Amino acid sequence: MWISLTTTNKTKTVVDFSKVLHANDHPNGTQLVFEAMVPDKNSIPTFKILYVVERIEVIEKALRAKKARK
């Protein structure tokens, strides 16, 4: 599922959530962790991360995520 979001530098982007491993609440919005690996500054492969300004609740609603049972 593709969702239109805004990066922290105010750029509109469209994200393919079939490639997202997980989303984390973040003070400035939401952190999206992708299954793709990219080298960090030390050339060590790490997961691609994207920060967006939309709150995780907005993304949950767009994805129609179900709440975990207690």
# chains A, B, ... in the order shown; residues from 1 in each chain; ligands from 1
call {"tool": "residues_around", "arguments": {"residues": "Val14 (chain A)", "least_positions_apart": "5", "cutoff": "8 Å", "atoms": "only C-alpha atoms", "output": "PDB file with C-alpha atoms, in the first residue's frame"}}
result
ATOM      1  CA  TRP A   2       1.352   3.405  -0.971  1.00  0.00           C
ATOM      2  CA  ILE A   3       0.837   6.374   1.372  1.00  0.00           C
ATOM      3  CA  SER A   4       1.659  10.039   0.744  1.00  0.00           C
ATOM      4  CA  LEU A   5       3.718  11.548   3.585  1.00  0.00           C
TER       5      LEU A   5
END
call {"tool": "select_by_dssp", "arguments": {"residues": "chain A", "states": "helix (DSSP H, G or I)", "output": "ChimeraX atom specification"}}
result
/A:17-19,56-63
call {"tool": "write_last_selection", "arguments": {"atoms": "all heavy atoms", "output": "compact mmCIF listing (two decimals), in the first residue's frame"}}
result
# COMPACT_ATOMS: atom_id res chain seq x y z
N PHE A 17 4.51 0.83 1.70
CA PHE A 17 4.57 0.21 3.01
C PHE A 17 4.76 -1.30 2.96
O PHE A 17 4.98 -1.93 3.99
CB PHE A 17 3.34 0.59 3.85
CG PHE A 17 3.59 1.84 4.65
CD1 PHE A 17 3.48 3.09 4.06
CD2 PHE A 17 3.99 1.78 5.97
CE1 PHE A 17 3.74 4.24 4.77
CE2 PHE A 17 4.26 2.92 6.70
CZ PHE A 17 4.13 4.16 6.09
N SER A 18 4.75 -1.90 1.77
CA SER A 18 5.11 -3.31 1.68
C SER A 18 6.62 -3.49 1.86
O SER A 18 7.09 -4.60 2.08
CB SER A 18 4.66 -3.91 0.34
OG SER A 18 5.42 -3.37 -0.72
N LYS A 19 7.38 -2.39 1.79
CA LYS A 19 8.84 -2.42 1.98
C LYS A 19 9.27 -1.94 3.36
O LYS A 19 10.45 -1.90 3.66
CB LYS A 19 9.53 -1.54 0.92
CG LYS A 19 9.13 -1.84 -0.49
CD LYS A 19 9.69 -3.15 -0.95
CE LYS A 19 9.42 -3.31 -2.44
NZ LYS A 19 9.18 -4.66 -2.81
N ILE A 56 2.40 8.73 14.21
CA ILE A 56 2.19 7.31 13.96
C ILE A 56 0.69 6.97 13.94
O ILE A 56 0.27 6.08 13.21
CB ILE A 56 2.97 6.44 14.96
CG1 ILE A 56 3.08 5.01 14.44
CG2 ILE A 56 2.36 6.53 16.35
CD1 ILE A 56 4.13 4.19 15.13
N GLU A 57 -0.12 7.70 14.69
CA GLU A 57 -1.56 7.44 14.70
C GLU A 57 -2.18 7.69 13.33
O GLU A 57 -3.11 6.99 12.92
CB GLU A 57 -2.25 8.32 15.75
CG GLU A 57 -1.90 7.98 17.19
CD GLU A 57 -0.59 8.63 17.66
OE1 GLU A 57 -0.03 9.49 16.95
OE2 GLU A 57 -0.12 8.26 18.74
N VAL A 58 -1.68 8.70 12.61
CA VAL A 58 -2.17 9.00 11.25
C VAL A 58 -1.82 7.86 10.30
O VAL A 58 -2.63 7.44 9.48
CB VAL A 58 -1.58 10.34 10.75
CG1 VAL A 58 -1.91 10.59 9.29
CG2 VAL A 58 -2.05 11.48 11.63
N ILE A 59 -0.61 7.34 10.43
CA ILE A 59 -0.16 6.23 9.59
C ILE A 59 -0.94 4.96 9.93
O ILE A 59 -1.36 4.23 9.03
CB ILE A 59 1.36 6.02 9.74
CG1 ILE A 59 2.08 7.26 9.19
CG2 ILE A 59 1.81 4.76 9.04
CD1 ILE A 59 3.56 7.31 9.46
N GLU A 60 -1.17 4.71 11.21
CA GLU A 60 -1.98 3.56 11.62
C GLU A 60 -3.36 3.61 10.98
O GLU A 60 -3.86 2.61 10.48
CB GLU A 60 -2.15 3.54 13.14
CG GLU A 60 -0.94 3.12 13.91
CD GLU A 60 -1.16 3.23 15.42
OE1 GLU A 60 -2.11 3.90 15.87
OE2 GLU A 60 -0.35 2.65 16.15
N LYS A 61 -3.97 4.77 11.01
CA LYS A 61 -5.31 4.93 10.45
C LYS A 61 -5.29 4.71 8.93
O LYS A 61 -6.16 4.04 8.40
CB LYS A 61 -5.86 6.33 10.78
CG LYS A 61 -7.30 6.50 10.41
CD LYS A 61 -7.84 7.82 10.91
CE LYS A 61 -9.31 7.96 10.57
NZ LYS A 61 -9.85 9.22 11.06
N ALA A 62 -4.29 5.26 8.25
CA ALA A 62 -4.19 5.09 6.80
C ALA A 62 -3.98 3.63 6.42
O ALA A 62 -4.51 3.16 5.41
CB ALA A 62 -3.05 5.94 6.25
N LEU A 63 -3.23 2.90 7.24
CA LEU A 63 -2.97 1.49 6.99
C LEU A 63 -4.08 0.58 7.52
O LEU A 63 -4.06 -0.62 7.30
CB LEU A 63 -1.64 1.07 7.63
CG LEU A 63 -0.38 1.67 7.02
CD1 LEU A 63 0.83 1.32 7.88
CD2 LEU A 63 -0.19 1.18 5.59
call {"tool": "closest_residue", "arguments": {"among": "A:Ala65, A:Val20, A:Val15, A:Met1", "to": "Lys48 (chain A)", "atoms": "only C-alpha atoms"}}
result
A:Val20
call {"tool": "select_by_dssp", "arguments": {"residues": "region 9-69 of chain A", "states": "strand (DSSP E or B)", "output": "ChimeraX atom specification"}}
result
/A:12-16,20-26,29-39,45-52
call {"tool": "write_last_selection", "arguments": {"atoms": "C-alpha atoms", "output": "PDB file, in the first residue's frame"}}
result
ATOM      1  CA  LYS A  12       6.241  15.340  -0.077  1.00  0.00           C
ATOM      2  CA  THR A  13       6.969  11.663  -0.723  1.00  0.00           C
ATOM      3  CA  VAL A  14       5.030   8.486  -1.409  1.00  0.00           C
ATOM      4  CA  VAL A  15       6.034   5.414   0.601  1.00  0.00           C
ATOM      5  CA  ASP A  16       5.479   1.768  -0.337  1.00  0.00           C
ATOM      6  CA  VAL A  20       8.620  -1.025   5.533  1.00  0.00           C
ATOM      7  CA  LEU A  21       9.679  -3.379   8.336  1.00  0.00           C
ATOM      8  CA  HIS A  22       8.312  -1.223  11.141  1.00  0.00           C
ATOM      9  CA  ALA A  23       7.337   2.291  12.116  1.00  0.00           C
ATOM     10  CA  ASN A  24       8.329   3.895  15.412  1.00  0.00           C
ATOM     11  CA  ASP A  25       6.884   6.866  17.224  1.00  0.00           C
ATOM     12  CA  HIS A  26       9.407   9.707  17.171  1.00  0.00           C
ATOM     13  CA  GLY A  29       6.730  12.464  13.823  1.00  0.00           C
ATOM     14  CA  THR A  30       7.415   8.870  12.815  1.00  0.00           C
ATOM     15  CA  GLN A  31      10.536   6.871  11.984  1.00  0.00           C
ATOM     16  CA  LEU A  32      10.066   4.376   9.120  1.00  0.00           C
ATOM     17  CA  VAL A  33      12.547   1.491   8.884  1.00  0.00           C
ATOM     18  CA  PHE A  34      12.781  -0.167   5.467  1.00  0.00           C
ATOM     19  CA  GLU A  35      13.959  -3.660   4.580  1.00  0.00           C
ATOM     20  CA  ALA A  36      16.599  -2.150   2.252  1.00  0.00           C
ATOM     21  CA  MET A  37      20.180  -1.966   3.469  1.00  0.00           C
ATOM     22  CA  VAL A  38      22.412   1.066   2.820  1.00  0.00           C
ATOM     23  CA  PRO A  39      25.981   1.773   3.966  1.00  0.00           C
ATOM     24  CA  PRO A  45      25.285  -1.904   6.018  1.00  0.00           C
ATOM     25  CA  THR A  46      22.326  -0.592   8.013  1.00  0.00           C
ATOM     26  CA  PHE A  47      18.592  -0.460   7.413  1.00  0.00           C
ATOM     27  CA  LYS A  48      17.316   2.520   5.403  1.00  0.00           C
ATOM     28  CA  ILE A  49      15.451   4.913   7.719  1.00  0.00           C
ATOM     29  CA  LEU A  50      13.102   7.738   6.756  1.00  0.00           C
ATOM     30  CA  TYR A  51      11.670  10.318   9.168  1.00  0.00           C
ATOM     31  CA  VAL A  52       8.258  11.814   8.405  1.00  0.00           C
TER      32      VAL A  52
END
call {"tool": "atom_distance", "arguments": {"atom1": "CA of Thr8 (chain A)", "atom2": "CA of Glu54 (chain A)"}}
result
9.1 Å
